[in-house]
$ cat final-v8.cif   # mmCIF, C-alpha atoms
data_model
#
loop_
_atom_site.label_atom_id
_atom_site.label_comp_id
_atom_site.auth_asym_id
_atom_site.auth_seq_id
_atom_site.Cartn_x
_atom_site.Cartn_y
_atom_site.Cartn_z
CA MET L 1 0.00 0.00 0.00
CA GLU L 2 1.39 3.32 -1.01
CA ILE L 3 1.41 6.18 1.41
CA ARG L 4 -0.42 9.17 -0.04
CA ALA L 5 0.82 12.51 1.11
CA ASN L 6 0.15 16.07 0.05
CA ALA L 7 3.15 17.81 -1.38
CA THR L 8 3.57 20.37 1.36
CA ARG L 9 6.43 21.18 3.69
CA GLN L 10 4.26 20.41 6.68
CA GLU L 11 3.53 16.96 5.34
CA LEU L 12 7.23 16.42 4.69
CA THR L 13 8.18 17.18 8.27
CA ARG L 14 5.44 14.88 9.47
CA LEU L 15 6.67 12.02 7.27
CA LYS L 16 10.22 12.47 8.41
CA GLY L 17 9.04 12.33 12.00
CA ARG L 18 7.26 9.08 11.26
CA ILE L 19 10.41 7.60 9.76
CA ARG L 20 12.39 8.50 12.85
CA MET L 21 9.72 6.95 15.04
CA ALA L 22 9.61 3.78 12.93
CA GLN L 23 13.38 3.45 13.02
CA ARG L 24 13.44 3.83 16.76
CA GLY L 25 10.74 1.21 17.14
CA HIS L 26 12.58 -1.06 14.78
CA ARG L 27 15.78 -0.79 16.77
CA LEU L 28 14.00 -1.48 20.04
CA LEU L 29 12.09 -4.46 18.68
CA LYS L 30 15.24 -5.87 17.18
CA ASP L 31 16.96 -5.69 20.55
CA LYS L 32 13.95 -7.33 22.15
CA ARG L 33 13.99 -10.10 19.58
CA ASP L 34 17.68 -10.76 20.08
CA GLN L 35 17.32 -10.90 23.83
CA LEU L 36 14.29 -13.19 23.60
CA MET L 37 16.25 -15.43 21.30
CA ARG L 38 19.11 -15.67 23.76
CA GLU L 39 16.74 -16.59 26.58
CA PHE L 40 14.93 -19.00 24.33
CA LEU L 41 18.01 -20.88 23.25
CA SER L 42 19.33 -21.34 26.76
CA ILE L 43 15.99 -22.56 28.00
CA VAL L 44 15.55 -24.93 25.08
CA HIS L 45 18.91 -26.35 25.92
CA GLU L 46 17.83 -26.86 29.51
CA SER L 47 14.60 -28.49 28.48
CA ARG L 48 16.40 -30.95 26.25
CA GLN L 49 18.65 -31.98 29.09
CA LEU L 50 15.69 -32.35 31.42
CA ARG L 51 13.87 -34.49 28.93
CA GLN L 52 16.83 -36.77 28.41
CA GLN L 53 17.24 -37.09 32.15
CA LEU L 54 13.54 -37.82 32.48
CA GLU L 55 13.60 -40.49 29.83
CA GLU L 56 16.44 -42.29 31.57
CA GLN L 57 14.97 -42.10 35.03
CA LEU L 58 11.48 -42.93 33.90
CA GLY L 59 12.77 -46.02 32.14
CA VAL L 60 14.38 -47.20 35.36
CA ALA L 61 11.28 -46.39 37.38
CA TYR L 62 9.00 -48.28 35.02
CA LYS L 63 11.34 -51.21 35.10
CA SER L 64 11.35 -51.46 38.86
CA PHE L 65 7.62 -50.94 38.87
CA SER L 66 7.04 -53.84 36.53
CA LEU L 67 9.35 -55.88 38.71
CA ALA L 68 7.10 -55.10 41.66
CA ARG L 69 4.10 -55.99 39.58
CA ALA L 70 5.54 -59.31 38.63
CA VAL L 71 6.11 -60.23 42.24
CA LEU L 72 2.86 -58.97 43.66
CA SER L 73 -0.58 -60.14 42.68
CA PRO L 74 -2.56 -57.49 40.80
CA SER L 75 -5.17 -57.24 43.52
CA VAL L 76 -2.60 -56.62 46.22
CA LEU L 77 -0.93 -54.00 44.08
CA GLU L 78 -4.20 -52.23 43.32
CA GLU L 79 -5.04 -52.32 46.98
CA ALA L 80 -1.68 -50.91 47.99
CA LEU L 81 -1.97 -48.03 45.59
CA MET L 82 -5.63 -47.42 46.26
CA VAL L 83 -4.90 -45.61 49.47
CA PRO L 84 -4.23 -42.07 48.35
CA GLY L 85 -0.84 -41.05 49.62
CA GLY L 86 -1.96 -37.45 49.49
CA ALA L 87 -1.55 -35.66 46.21
CA GLU L 88 1.29 -33.16 45.99
CA GLU L 89 0.24 -29.58 45.64
CA ILE L 90 1.91 -27.24 43.24
CA ALA L 91 2.74 -23.64 44.01
CA VAL L 92 2.64 -21.50 40.89
CA SER L 93 4.38 -18.16 40.66
CA TYR L 94 5.06 -15.93 37.70
CA ARG L 95 8.18 -14.33 36.27
CA HIS L 96 8.67 -11.82 33.49
CA ILE L 97 11.07 -12.39 30.65
CA MET L 98 11.10 -9.35 28.36
CA ASN L 99 7.49 -8.64 29.28
CA VAL L 100 6.38 -12.22 28.72
CA VAL L 101 4.73 -13.67 31.77
CA VAL L 102 6.00 -17.18 32.33
CA PRO L 103 5.01 -19.55 35.11
CA GLU L 104 7.29 -21.10 37.65
CA MET L 105 6.18 -24.02 39.76
CA GLU L 106 7.34 -26.00 42.67
CA ILE L 107 6.02 -28.73 44.84
CA ALA L 108 4.48 -27.08 47.84
CA GLY L 109 3.84 -30.22 49.81
CA GLN L 110 0.86 -32.41 50.26
CA GLY L 111 -2.67 -31.28 50.72
CA ARG L 112 -4.11 -34.09 52.71
CA GLY L 113 -2.13 -36.19 55.07
CA HIS L 114 0.48 -33.57 55.65
CA ASP L 115 -0.01 -33.75 59.37
CA HIS L 116 -1.38 -37.25 59.59
CA VAL L 117 1.35 -39.22 57.89
CA ASN L 118 4.11 -38.57 60.37
CA GLY L 119 4.80 -35.03 59.38
CA SER L 120 4.88 -35.35 55.63
CA GLY L 121 4.61 -37.87 52.87
CA ARG L 122 7.64 -36.82 50.89
CA THR L 123 10.41 -39.05 49.69
CA GLY L 124 11.68 -41.44 52.28
CA THR L 125 8.64 -41.29 54.53
CA PRO L 126 6.53 -44.28 55.46
CA PRO L 127 4.41 -45.51 52.57
CA SER L 128 0.66 -45.49 52.86
CA TYR L 129 0.29 -49.21 52.31
CA GLY L 130 0.83 -52.30 54.33
CA LEU L 131 4.38 -53.57 54.38
CA ALA L 132 3.31 -57.11 55.14
CA THR L 133 1.61 -57.79 51.84
CA THR L 134 3.92 -55.87 49.54
CA SER L 135 7.49 -56.40 48.50
CA SER L 136 10.46 -54.09 48.70
CA ASP L 137 10.42 -53.78 44.92
CA LEU L 138 7.30 -51.68 45.26
CA ASP L 139 8.96 -49.37 47.79
CA ASP L 140 11.86 -49.01 45.41
CA ALA L 141 9.64 -48.27 42.43
CA ILE L 142 7.62 -45.70 44.33
CA ALA L 143 10.74 -43.99 45.65
CA ARG L 144 11.95 -43.67 42.07
CA PHE L 145 8.66 -42.20 40.91
CA GLN L 146 8.78 -39.75 43.77
CA GLY L 147 12.25 -38.72 42.69
CA ILE L 148 10.95 -38.07 39.20
CA LEU L 149 8.11 -35.80 40.17
CA PRO L 150 10.22 -32.66 40.87
CA LEU L 151 11.93 -33.21 37.52
CA LEU L 152 8.55 -33.39 35.82
CA VAL L 153 7.32 -30.26 37.50
CA ARG L 154 10.42 -28.42 36.34
CA LEU L 155 10.15 -29.78 32.83
CA SER L 156 6.50 -28.75 32.69
CA TYR L 157 7.08 -25.11 33.39
CA VAL L 158 10.23 -24.98 31.30
CA GLU L 159 8.31 -26.33 28.31
CA ARG L 160 5.49 -23.90 28.90
CA THR L 161 8.04 -21.09 28.99
CA ILE L 162 9.40 -22.28 25.67
CA HIS L 163 5.94 -22.23 24.18
CA LEU L 164 5.24 -18.70 25.42
CA LEU L 165 8.63 -17.40 24.31
CA ALA L 166 8.24 -19.00 20.89
CA ASP L 167 4.95 -17.16 20.43
CA GLU L 168 6.47 -13.88 21.49
CA ILE L 169 9.54 -14.29 19.32
CA GLU L 170 7.37 -15.01 16.32
CA LYS L 171 5.27 -11.92 16.98
CA THR L 172 8.31 -9.71 17.52
CA ARG L 173 9.99 -11.04 14.42
CA ARG L 174 6.92 -10.23 12.34
CA ARG L 175 6.88 -6.70 13.71
CA VAL L 176 10.57 -6.19 13.04
CA ASN L 177 10.15 -7.44 9.49
CA ALA L 178 7.05 -5.35 8.89
CA LEU L 179 8.88 -2.22 9.98
CA GLU L 180 12.07 -3.03 8.17
CA HIS L 181 10.69 -4.22 4.87
CA VAL L 182 7.34 -2.49 4.57
CA LEU L 183 6.72 0.58 6.65
CA ILE L 184 10.15 2.22 6.56
CA PRO L 185 10.72 1.78 2.79
CA GLU L 186 7.22 3.08 2.08
CA LEU L 187 7.74 6.13 4.24
CA GLU L 188 11.07 6.80 2.57
CA GLN L 189 9.44 6.49 -0.81
CA ALA L 190 6.74 8.95 0.25
CA VAL L 191 9.34 11.44 1.52
CA LYS L 192 11.20 11.16 -1.76
CA SER L 193 8.14 11.80 -3.86
CA VAL L 194 7.07 14.75 -1.72
CA GLU L 195 10.56 16.23 -1.92
CA MET L 196 10.60 15.81 -5.66
CA ARG L 197 7.25 17.49 -6.10
CA LEU L 198 8.30 20.36 -3.85
CA GLU L 199 11.46 20.84 -5.89
CA GLU L 200 9.41 20.68 -9.06
CA MET L 201 7.10 23.36 -7.74
CA GLU L 202 10.12 25.43 -6.76
CA ARG L 203 11.54 25.19 -10.26
CA ALA L 204 8.19 26.07 -11.81
CA ASN L 205 8.05 29.09 -9.56
CA ILE L 206 11.57 30.24 -10.51
CA SER L 207 10.97 29.94 -14.21
CA ARG L 208 7.69 31.81 -13.80
CA LEU L 209 9.48 34.60 -11.97
CA MET L 210 12.20 34.77 -14.61
CA ARG L 211 9.59 34.99 -17.34
CA ILE L 212 7.73 37.75 -15.50
CA LYS L 213 10.99 39.64 -14.93
CA GLU L 214 11.71 39.45 -18.66
CA ILE L 215 8.29 40.82 -19.52
CA VAL L 216 8.66 43.62 -17.00
CA ARG L 217 12.14 44.52 -18.32
CA ALA L 218 10.92 44.61 -21.93
CA HIS L 219 8.60 47.51 -21.12
CA MET Z 220 -3.90 -25.43 45.63
CA PRO Z 221 -3.53 -27.02 42.22
CA LYS Z 222 -2.27 -30.55 41.80
CA VAL Z 223 -0.67 -32.77 39.21
CA ALA Z 224 -2.80 -35.01 37.00
CA VAL Z 225 -1.56 -38.01 35.04
CA LEU Z 226 -3.49 -39.30 32.07
CA GLY Z 227 -2.49 -42.56 30.45
CA GLN Z 228 -2.87 -46.29 30.27
CA ARG Z 229 -3.62 -47.99 33.55
CA ASP Z 230 -0.21 -49.57 34.05
CA ALA Z 231 1.61 -46.38 33.11
CA VAL Z 232 -0.11 -44.10 35.60
CA LEU Z 233 -0.18 -46.38 38.64
CA GLY Z 234 3.40 -45.58 39.55
CA PHE Z 235 2.75 -41.86 39.43
CA LYS Z 236 -0.24 -42.26 41.65
CA ALA Z 237 2.03 -43.35 44.46
CA SER Z 238 4.43 -40.49 43.83
CA GLY Z 239 1.93 -37.75 44.56
CA ALA Z 240 0.08 -37.18 41.31
CA VAL Z 241 -3.60 -37.80 40.72
CA ALA Z 242 -3.97 -40.69 38.31
CA PHE Z 243 -6.55 -40.82 35.54
CA PRO Z 244 -6.28 -44.25 33.94
CA ALA Z 245 -7.70 -44.53 30.44
CA ASP Z 246 -7.39 -47.55 28.21
CA ASN Z 247 -9.20 -46.36 25.10
CA PRO Z 248 -9.61 -43.02 23.28
CA GLY Z 249 -13.20 -42.50 24.43
CA GLU Z 250 -12.26 -43.03 28.03
CA ALA Z 251 -9.26 -40.75 27.65
CA ARG Z 252 -11.47 -37.95 26.32
CA GLU Z 253 -13.83 -38.35 29.26
CA ARG Z 254 -10.95 -38.27 31.71
CA LEU Z 255 -9.54 -35.20 30.02
CA SER Z 256 -12.75 -33.23 30.49
CA ALA Z 257 -12.82 -34.35 34.12
CA ILE Z 258 -9.26 -33.08 34.53
CA LEU Z 259 -10.12 -29.75 32.94
CA GLU Z 260 -12.90 -29.24 35.46
CA GLY Z 261 -10.60 -29.90 38.39
CA ASP Z 262 -7.83 -27.73 39.76
CA TYR Z 263 -4.66 -29.04 38.17
CA ALA Z 264 -1.51 -27.06 37.41
CA ILE Z 265 0.20 -29.80 35.47
CA LEU Z 266 -1.22 -32.45 33.21
CA LEU Z 267 1.11 -35.29 32.34
CA VAL Z 268 0.05 -37.28 29.30
CA THR Z 269 1.66 -40.44 28.01
CA GLU Z 270 2.88 -40.40 24.43
CA GLU Z 271 0.28 -42.88 23.27
CA ILE Z 272 -2.66 -40.88 24.61
CA ALA Z 273 -1.11 -37.62 23.46
CA GLN Z 274 -1.08 -38.90 19.89
CA VAL Z 275 -4.71 -39.99 20.09
CA LEU Z 276 -5.89 -36.77 21.71
CA GLU Z 277 -3.65 -34.45 19.72
CA LYS Z 278 -6.55 -32.25 18.62
CA ASP Z 279 -8.07 -32.10 22.10
CA LEU Z 280 -4.76 -31.11 23.67
CA GLU Z 281 -3.93 -28.44 21.11
CA PRO Z 282 -6.00 -25.61 22.68
CA LEU Z 283 -4.55 -26.36 26.11
CA TYR Z 284 -1.09 -25.17 25.16
CA ASP Z 285 -2.34 -21.60 25.13
CA MET Z 286 -4.21 -21.85 28.40
CA PRO Z 287 -2.59 -20.85 31.68
CA LYS Z 288 -3.71 -24.06 33.34
CA PRO Z 289 -3.06 -26.93 33.15
CA VAL Z 290 0.42 -27.05 31.68
CA VAL Z 291 0.51 -30.10 29.43
CA THR Z 292 3.66 -32.19 29.44
CA ILE Z 293 4.14 -35.31 27.41
CA LEU Z 294 5.70 -38.26 29.15
CA PRO Z 295 8.01 -40.56 27.28
CA ASP Z 296 6.57 -44.01 26.82
CA ALA Z 297 7.38 -46.72 29.31
CA ARG Z 298 8.76 -49.24 26.87
CA LYS Z 299 9.99 -47.39 23.83
CA PRO Z 300 10.06 -43.60 23.82
CA GLN Z 301 8.93 -42.29 20.46
CA GLY Z 302 10.06 -38.75 21.02
CA VAL Z 303 6.64 -37.11 20.82
CA GLY Z 304 7.65 -34.56 23.42
CA MET Z 305 10.92 -33.83 21.65
CA GLU Z 306 9.06 -33.42 18.38
CA LEU Z 307 6.81 -30.83 19.99
CA LEU Z 308 9.87 -29.00 21.27
CA ARG Z 309 11.44 -29.12 17.83
CA ARG Z 310 8.29 -27.65 16.27
CA ARG Z 311 8.31 -24.76 18.71
CA VAL Z 312 11.95 -24.00 18.04
CA GLU Z 313 11.22 -24.02 14.35
CA LYS Z 314 8.29 -21.68 14.84
CA ALA Z 315 10.31 -19.22 16.87
CA ILE Z 316 13.52 -19.19 14.90
CA GLY Z 317 12.18 -20.06 11.49
CA ALA Z 318 14.60 -22.90 11.08
CA ASP Z 319 15.39 -26.07 12.89
CA ILE Z 320 18.83 -25.18 14.10
CA LEU Z 321 19.02 -27.25 17.25
CA PHE Z 322 18.32 -30.74 16.15
CA LYS Z 323 19.76 -30.56 12.70
CA GLY Z 324 22.19 -33.27 11.85
CA GLU Z 325 21.62 -35.18 15.06
CA GLU Z 326 18.99 -37.55 13.83
#
$ encode --input "final-v8.cif" --output "structure tokens"
Amino acid sequence: MEIRANATRQELTRLKGRIRMAQRGHRLLKDKRDQLMREFLSIVHESRQLRQQLEEQLGVAYKSFSLARAVLSPSVLEEALMVPGGAEEIAVSYRHIMNVVVPEMEIAGQGRGHDHVNGSGRTGTPPSYGLATTSSDLDDAIARFQGILPLLVRLSYVERTIHLLADEIEKTRRRVNALEHVLIPELEQAVKSVEMRLEEMERANISRLMRIKEIVRAH
Amino acid sequence: MPKVAVLGQRDAVLGFKASGAVAFPADNPGEARERLSAILEGDYAILLVTEEIAQVLEKDLEPLYDMPKPVVTILPDARKPQGVGMELLRRRVEKAIGADILFKGEE
């Protein structure tokens, strides 16, 4: 879309002001994009490591869990796990990265059973099932799963941060490109055409004056 | 306060149940969808989904990525991880940067 402007000096000043504004915005957005990119890359790196760690640990945990399952009868296992050990509660807080609000989470402790199960039900505390009917494989498996939970919580908010940052980077990049390749060139084009028409008018005026001078002198 | 929900096949979620997450076992797509809507009604900060279910419910999970809660995280599969979570990460990197610069040449 071409920018239409009247060929006046006032319009010219206005256009030049717009170019300055656009350039300033462009510079700022570019800085924002670069900074977002830096944050993004480091966090993607972290998330990859977390995921690899998770895959390893989860594999081990599943293995020991299936070991427990092989030893115990399904009904005993179901029964052991039926008693809710108190679900962990998650505390969510928020952080700003370049004006993007990203969540941060941590395990805040257990909702129920916090006071009943000997203080807390965190790793290493007495399980909420009978020890007589279950094997130590189950204890082992559950301890492993408990160890994984903090990792999962961390991975969850890191991945969400990646998602949010990716959105923001895309938006910022579009804006930078729109300014750089569309708005600024169009404004410059408009300034050029206004300047040319002003010069043209100036020349027309001069030649008119010269002609008038000639006529006056001839008298 | 919000909690952690796990959605997946029965044998995959049992272990998490003991670790402090709320388990939602689902053995077929219909069941999984039902469980998902139950999870969305509850107060959960994190939703862990196994790869298998995540593939089945891909469309249902899509809108959740833009919602503040719950944060959806894909668990690697118990037996053979298929890299669904990694693939999602790769797609986001591609979206943000415009090119897949992180995972290039590694696979």
$ closest_atom_pairs --input "final-v8.cif" --of "chain Z" --to "chain L" --cutoff "8 Å" --atoms "only C-alpha atoms" --output "Markdown table"
| residue | atom | partner | partner_atom | distance |
| --- | --- | --- | --- | --- |
| Z:Met220 | CA | L:Glu89 | CA | 5.9 |
| Z:Pro221 | CA | L:Ile90 | CA | 5.5 |
| Z:Lys222 | CA | L:Glu89 | CA | 4.7 |
| Z:Val223 | CA | L:Glu88 | CA | 7.1 |
| Z:Ala231 | CA | L:Tyr62 | CA | 7.9 |
| Z:Leu233 | CA | L:Leu81 | CA | 7.4 |
| Z:Gly234 | CA | L:Ile142 | CA | 6.4 |
| Z:Phe235 | CA | L:Phe145 | CA | 6.1 |
| Z:Lys236 | CA | L:Leu81 | CA | 7.2 |
| Z:Ala237 | CA | L:Ile142 | CA | 6.1 |
| Z:Ser238 | CA | L:Gln146 | CA | 4.4 |
| Z:Gly239 | CA | L:Ala87 | CA | 4.4 |
| Z:Ala240 | CA | L:Ala87 | CA | 5.4 |
| Z:Val241 | CA | L:Ala87 | CA | 6.2 |
| Z:Ala264 | CA | L:Ile90 | CA | 6.8 |
| Z:Ile265 | CA | L:Ser156 | CA | 7.0 |
| Z:Tyr284 | CA | L:Arg160 | CA | 7.7 |
| Z:Val290 | CA | L:Ser156 | CA | 6.4 |
| Z:Val291 | CA | L:Ser156 | CA | 7.0 |
| Z:Thr292 | CA | L:Ser156 | CA | 5.5 |
| Z:Pro295 | CA | L:Glu55 | CA | 6.1 |
| Z:Ala297 | CA | L:Gly59 | CA | 6.1 |
| Z:Arg298 | CA | L:Gly59 | CA | 7.4 |
| Z:Pro300 | CA | L:Glu55 | CA | 7.6 |
| Z:Met305 | CA | L:Arg48 | CA | 7.7 |
| Z:Leu308 | CA | L:Glu159 | CA | 7.7 |
| Z:Arg311 | CA | L:Ala166 | CA | 6.2 |
| Z:Val312 | CA | L:Ala166 | CA | 6.8 |
| Z:Lys314 | CA | L:Ala166 | CA | 6.6 |
| Z:Ala315 | CA | L:Ala166 | CA | 4.5 |
| Z:Ile316 | CA | L:Glu170 | CA | 7.6 |
$ closest_residue --input "final-v8.cif" --among "Z:Thr269, Z:Ala251, Z:Asp279, Z:Met286" --to "Val303 (chain Z)" --atoms "all atoms listed in the file"
Z:Thr269
$ residues_around --input "final-v8.cif" --residues "Asp246 (chain Z)" --least-positions-apart "6" --cutoff "9 Å" --atoms "all atoms listed in the file" --output "PyMOL selection string"
chain Z and resi 227-229+272
$ atom_distance --input "final-v8.cif" --atom1 "CA of Asp296 (chain Z)" --atom2 "CA of Glu277 (chain Z)"
15.7 Å
$ atom_distance --input "final-v8.cif" --atom1 "CA of Pro248 (chain Z)" --atom2 "CA of Val275 (chain Z)"
6.6 Å
$ atom_distance --input "final-v8.cif" --atom1 "CA of Pro244 (chain Z)" --atom2 "CA of Ala68 (chain L)"
18.9 Å
$ closest_residue --input "final-v8.cif" --among "Z:Ala257, Z:Leu226, Z:Ala242, Z:Leu283" --to "Glu270 (chain Z)" --atoms "all atoms listed in the file"
Z:Leu226
$ closest_residue --input "final-v8.cif" --among "Z:Leu280, Z:Leu259, Z:Leu266, Z:Ala245" --to "Ala224 (chain Z)" --atoms "all atoms listed in the file"
Z:Leu266
$ build_atoms --input "final-v8.cif" --residues "region 130-144 of chain L" --atoms "N, CA and C atoms" --output "PDB file, keeping the file's coordinate frame"
ATOM      1  N   GLY L 130       0.314 -51.332  53.392  1.00  0.00           N
ATOM      2  CA  GLY L 130       0.830 -52.300  54.330  1.00  0.00           C
ATOM      3  C   GLY L 130       2.127 -52.914  53.869  1.00  0.00           C
ATOM      4  N   LEU L 131       3.075 -53.012  54.764  1.00  0.00           N
ATOM      5  CA  LEU L 131       4.380 -53.570  54.380  1.00  0.00           C
ATOM      6  C   LEU L 131       4.336 -55.094  54.338  1.00  0.00           C
ATOM      7  N   ALA L 132       3.365 -55.655  55.042  1.00  0.00           N
ATOM      8  CA  ALA L 132       3.310 -57.110  55.140  1.00  0.00           C
ATOM      9  C   ALA L 132       2.985 -57.753  53.810  1.00  0.00           C
ATOM     10  N   THR L 133       2.071 -57.135  53.068  1.00  0.00           N
ATOM     11  CA  THR L 133       1.610 -57.790  51.840  1.00  0.00           C
ATOM     12  C   THR L 133       2.392 -57.366  50.607  1.00  0.00           C
ATOM     13  N   THR L 134       3.210 -56.331  50.730  1.00  0.00           N
ATOM     14  CA  THR L 134       3.920 -55.870  49.540  1.00  0.00           C
ATOM     15  C   THR L 134       5.398 -56.162  49.637  1.00  0.00           C
ATOM     16  N   SER L 135       6.062 -56.094  48.498  1.00  0.00           N
ATOM     17  CA  SER L 135       7.490 -56.400  48.500  1.00  0.00           C
ATOM     18  C   SER L 135       8.306 -55.114  48.486  1.00  0.00           C
ATOM     19  N   SER L 136       9.606 -55.280  48.663  1.00  0.00           N
ATOM     20  CA  SER L 136      10.460 -54.090  48.700  1.00  0.00           C
ATOM     21  C   SER L 136      10.634 -53.497  47.310  1.00  0.00           C
ATOM     22  N   ASP L 137      10.338 -54.308  46.286  1.00  0.00           N
ATOM     23  CA  ASP L 137      10.420 -53.780  44.920  1.00  0.00           C
ATOM     24  C   ASP L 137       9.462 -52.607  44.742  1.00  0.00           C
ATOM     25  N   LEU L 138       8.304 -52.733  45.384  1.00  0.00           N
ATOM     26  CA  LEU L 138       7.300 -51.680  45.260  1.00  0.00           C
ATOM     27  C   LEU L 138       7.809 -50.392  45.916  1.00  0.00           C
ATOM     28  N   ASP L 139       8.409 -50.555  47.099  1.00  0.00           N
ATOM     29  CA  ASP L 139       8.960 -49.370  47.790  1.00  0.00           C
ATOM     30  C   ASP L 139       9.978 -48.682  46.898  1.00  0.00           C
ATOM     31  N   ASP L 140      10.807 -49.516  46.283  1.00  0.00           N
ATOM     32  CA  ASP L 140      11.860 -49.010  45.410  1.00  0.00           C
ATOM     33  C   ASP L 140      11.260 -48.244  44.229  1.00  0.00           C
ATOM     34  N   ALA L 141      10.271 -48.881  43.602  1.00  0.00           N
ATOM     35  CA  ALA L 141       9.640 -48.270  42.430  1.00  0.00           C
ATOM     36  C   ALA L 141       9.011 -46.929  42.806  1.00  0.00           C
ATOM     37  N   ILE L 142       8.319 -46.912  43.938  1.00  0.00           N
ATOM     38  CA  ILE L 142       7.620 -45.700  44.330  1.00  0.00           C
ATOM     39  C   ILE L 142       8.616 -44.589  44.690  1.00  0.00           C
ATOM     40  N   ALA L 143       9.710 -44.987  45.327  1.00  0.00           N
ATOM     41  CA  ALA L 143      10.740 -43.990  45.650  1.00  0.00           C
ATOM     42  C   ALA L 143      11.270 -43.368  44.364  1.00  0.00           C
ATOM     43  N   ARG L 144      11.443 -44.190  43.342  1.00  0.00           N
ATOM     44  CA  ARG L 144      11.950 -43.670  42.070  1.00  0.00           C
ATOM     45  C   ARG L 144      10.952 -42.696  41.435  1.00  0.00           C
TER      46      ARG L 144
END
